[in-house]
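Listing of structure-v8.json, JSON, C-alpha atoms
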```json
[["chain", "number", "residue", "atom", "x", "y", "z"],
["W", 1, "ARG", "CA", -0.61, -16.06, 3.87],
["W", 2, "GLY", "CA", -4.10, -16.41, 5.27],
["W", 3, "LYS", "CA", -4.99, -12.75, 4.82],
["W", 4, "ARG", "CA", -4.08, -12.54, 1.13],
["W", 5, "ALA", "CA", -7.55, -13.43, -0.22],
["W", 6, "ILE", "CA", -9.16, -10.95, 2.18],
["W", 7, "MET", "CA", -6.78, -8.20, 1.01],
["W", 8, "GLY", "CA", -7.65, -8.97, -2.62],
["W", 9, "GLU", "CA", -11.36, -8.94, -1.89],
["W", 10, "ILE", "CA", -11.08, -5.54, -0.18],
["W", 11, "ALA", "CA", -8.95, -4.13, -3.00],
["W", 12, "ALA", "CA", -11.45, -5.29, -5.63],
["W", 13, "ALA", "CA", -14.37, -3.82, -3.68],
["W", 14, "GLY", "CA", -12.69, -0.43, -3.30],
["W", 15, "ALA", "CA", -11.07, 0.05, -6.71],
["W", 16, "ASP", "CA", -12.17, 0.30, -10.31],
["W", 17, "HIS", "CA", -9.21, -1.87, -11.31],
["W", 18, "VAL", "CA", -6.44, -3.71, -9.46],
["W", 19, "ILE", "CA", -3.04, -4.75, -10.79],
["W", 20, "LEU", "CA", -1.59, -7.63, -8.81],
["W", 21, "THR", "CA", 2.19, -7.67, -8.73],
["W", 22, "SER", "CA", 5.21, -8.82, -6.78],
["W", 23, "ASP", "CA", 6.13, -7.42, -3.36],
["W", 24, "ASN", "CA", 9.05, -9.03, -1.54],
["W", 25, "PRO", "CA", 8.28, -12.61, -2.61],
["W", 26, "ARG", "CA", 11.44, -13.86, -0.91],
["W", 27, "SER", "CA", 11.50, -17.61, -1.63],
["W", 28, "GLU", "CA", 7.82, -17.87, -2.60],
["W", 29, "ASP", "CA", 6.64, -18.08, -6.20],
["W", 30, "PRO", "CA", 5.17, -14.63, -7.03],
["W", 31, "GLU", "CA", 2.55, -16.28, -9.26],
["W", 32, "ARG", "CA", 1.36, -18.38, -6.31],
["W", 33, "ILE", "CA", 1.15, -15.28, -4.12],
["W", 34, "MET", "CA", -1.00, -13.59, -6.77],
["W", 35, "ASP", "CA", -3.17, -16.74, -6.97],
["W", 36, "ASP", "CA", -3.77, -16.46, -3.21],
["W", 37, "ILE", "CA", -4.66, -12.76, -3.45],
["W", 38, "ALA", "CA", -6.99, -13.25, -6.45],
["W", 39, "GLU", "CA", -8.89, -16.13, -4.83],
["W", 40, "ARG", "CA", -11.96, -13.99, -3.92],
["W", 41, "MET", "CA", -11.62, -11.33, -6.63],
["W", 42, "PRO", "CA", -13.92, -11.19, -9.66],
["W", 43, "ALA", "CA", -11.79, -11.97, -12.72],
["W", 44, "SER", "CA", -12.85, -8.74, -14.41],
["W", 45, "SER", "CA", -11.59, -6.60, -11.50],
["W", 46, "TYR", "CA", -7.86, -7.22, -11.85],
["W", 47, "GLN", "CA", -4.90, -8.07, -14.01],
["W", 48, "ARG", "CA", -1.56, -9.64, -13.16],
["W", 49, "GLU", "CA", 1.96, -8.40, -13.84],
["W", 50, "VAL", "CA", 4.74, -10.06, -11.84],
["W", 51, "ASP", "CA", 7.28, -7.32, -12.64],
["W", 52, "ARG", "CA", 6.45, -4.52, -10.19],
["W", 53, "HIS", "CA", 8.18, -1.83, -12.28],
["W", 54, "VAL", "CA", 6.11, -2.82, -15.32],
["W", 55, "ALA", "CA", 2.94, -2.96, -13.19],
["W", 56, "ILE", "CA", 3.52, 0.60, -12.00],
["W", 57, "GLY", "CA", 3.94, 1.71, -15.61],
["W", 58, "ILE", "CA", 0.69, -0.02, -16.59],
["W", 59, "ALA", "CA", -1.19, 1.63, -13.73],
["W", 60, "LEU", "CA", 0.13, 5.08, -14.57],
["W", 61, "GLY", "CA", -0.62, 4.53, -18.25],
["W", 62, "MET", "CA", -4.22, 3.55, -17.49],
["W", 63, "ALA", "CA", -4.86, 6.56, -15.27],
["W", 64, "ARG", "CA", -6.93, 9.43, -16.62],
["W", 65, "PRO", "CA", -7.42, 12.95, -15.25],
["W", 66, "GLY", "CA", -9.22, 12.69, -11.92],
["W", 67, "ASP", "CA", -8.07, 9.12, -11.26],
["W", 68, "THR", "CA", -6.05, 8.12, -8.22],
["W", 69, "VAL", "CA", -3.33, 5.48, -8.46],
["W", 70, "ILE", "CA", -2.45, 3.80, -5.18],
["W", 71, "LEU", "CA", 0.72, 1.73, -4.86],
["W", 72, "MET", "CA", 0.34, -0.67, -1.97],
["W", 73, "GLY", "CA", 2.77, -2.88, -0.15],
["W", 74, "LYS", "CA", 6.16, -1.19, -0.18],
["W", 75, "GLY", "CA", 5.48, 1.76, 2.08],
["W", 76, "HIS", "CA", 8.81, 3.17, 3.22],
["W", 77, "GLU", "CA", 10.85, 0.28, 1.78],
["W", 78, "THR", "CA", 13.34, 1.06, -0.98],
["W", 79, "TYR", "CA", 14.15, -2.53, -1.89],
["W", 80, "GLN", "CA", 12.57, -5.67, -3.31],
["W", 81, "HIS", "CA", 13.44, -8.86, -1.42],
["W", 82, "VAL", "CA", 13.72, -11.70, -3.98],
["W", 83, "GLY", "CA", 15.17, -14.97, -2.76],
["W", 84, "ASP", "CA", 18.11, -14.12, -0.51],
["W", 85, "VAL", "CA", 18.79, -10.83, -2.30],
["W", 86, "LYS", "CA", 17.59, -7.34, -1.42],
["W", 87, "GLU", "CA", 17.46, -5.44, -4.70],
["W", 88, "PRO", "CA", 17.17, -1.63, -4.76],
["W", 89, "PHE", "CA", 13.59, -0.62, -5.61],
["W", 90, "ASP", "CA", 12.52, 2.95, -4.94],
["W", 91, "GLU", "CA", 8.89, 3.43, -6.00],
["W", 92, "LYS", "CA", 9.04, 7.21, -5.64],
["W", 93, "ALA", "CA", 11.96, 7.36, -8.07],
["W", 94, "ILE", "CA", 10.28, 4.90, -10.43],
["W", 95, "VAL", "CA", 7.05, 6.94, -10.52],
["W", 96, "ALA", "CA", 8.99, 10.18, -11.01],
["W", 97, "GLY", "CA", 10.93, 8.61, -13.88],
["W", 98, "LEU", "CA", 7.83, 7.22, -15.55],
["W", 99, "MET", "CA", 5.97, 10.51, -15.26],
["W", 100, "GLY", "CA", 8.88, 12.45, -16.73]]
```

Let me see the file written as structure tokens.
Amino acid sequence: RGKRAIMGEIAAAGADHVILTSDNPRSEDPERIMDDIAERMPASSYQREVDRHVAIGIALGMARPGDTVILMGKGHETYQHVGDVKEPFDEKAIVAGLMG
């Protein structure tokens, strides 16, 4: 929990725009997690979308030729851990589906 604000600060410094979203919130409130991450971020540098699938769609929709979209957090994981449930969540498949 203590490193969240630092991660947000680094993301804002290295990106033109950041979309904060949910990543394995387990029993935590995803909005609270995003509050922690955004603590040191300039308000103009990010937006929030708790639904990770929607956030990926927003990021891909904003991208223009020459842009790079980086999805952070999931890595090799193919699930989203919400509460006590592990829900299937394959970012590679989601991106492929959104890009047609």

Work out how far atom CA of W:Ile94 is from atom CA of W:Met72, in Å to one decimal.
-> 14.2 Å

Within 12 Å of W:Arg32 using all atoms listed in the file, minus same-chain residues under 5 positions, as a list in words |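 The filter keeps Arg1, Arg4, Ala5, Leu20, Thr21, Ser22, Pro25, Ser27, Ile37, Ala38, Glu39, Arg48 and Val50 of chain W.
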
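Counting all atoms listed in the file and comparing W:Ala55, W:Leu60, W:Ala96, W:Val82, the residue that lies closest to W:Asp29 is W:Val82.
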
Within 12 Å of W:Asp16, counting all atoms listed in the file, which residues qualify if same-chain residues fewer than 6 places away don't, as a PyMOL selection string?
-> chain W and resi 10+42+44-47+59+62-63+67-70

Can you work out the spacing between atom CA of W:Ile56 and atom CA of W:Ala43 in Å, to one decimal?
-> 19.8 Å

Give the answer as one residue: which of W:Gly2, W:Leu98, W:Ile58, W:Glu91 has the shortest atom-to-atom distance to W:Gly73, using all atoms listed in the file?
-> W:Glu91

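Computed from the coordinates, the atom CA of W:Glu87 to atom CA of W:Ile33 distance equals 19.1 Å.
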
Quick one: of W:Glu31, W:Lys74, W:Val95, W:Gly14, who's nearest to W:Gly61, counting all atoms listed in the file?
->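 For W:Gly61, the nearest of the given residues is W:Val95.
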
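Of the residues under consideration (W:Ile6, W:His17, W:Arg26, W:His53), W:Arg26 shows the shortest atom-to-atom contact distance to W:Gly83 when counting only C-alpha atoms.
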
Contacts of W:Pro88 within 7 Å, only C-alpha atoms, excl. fewer than 4 positions in-chain, as a list in words =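 The residues that qualify are Thr78, Tyr79 and Gln80 of chain W.
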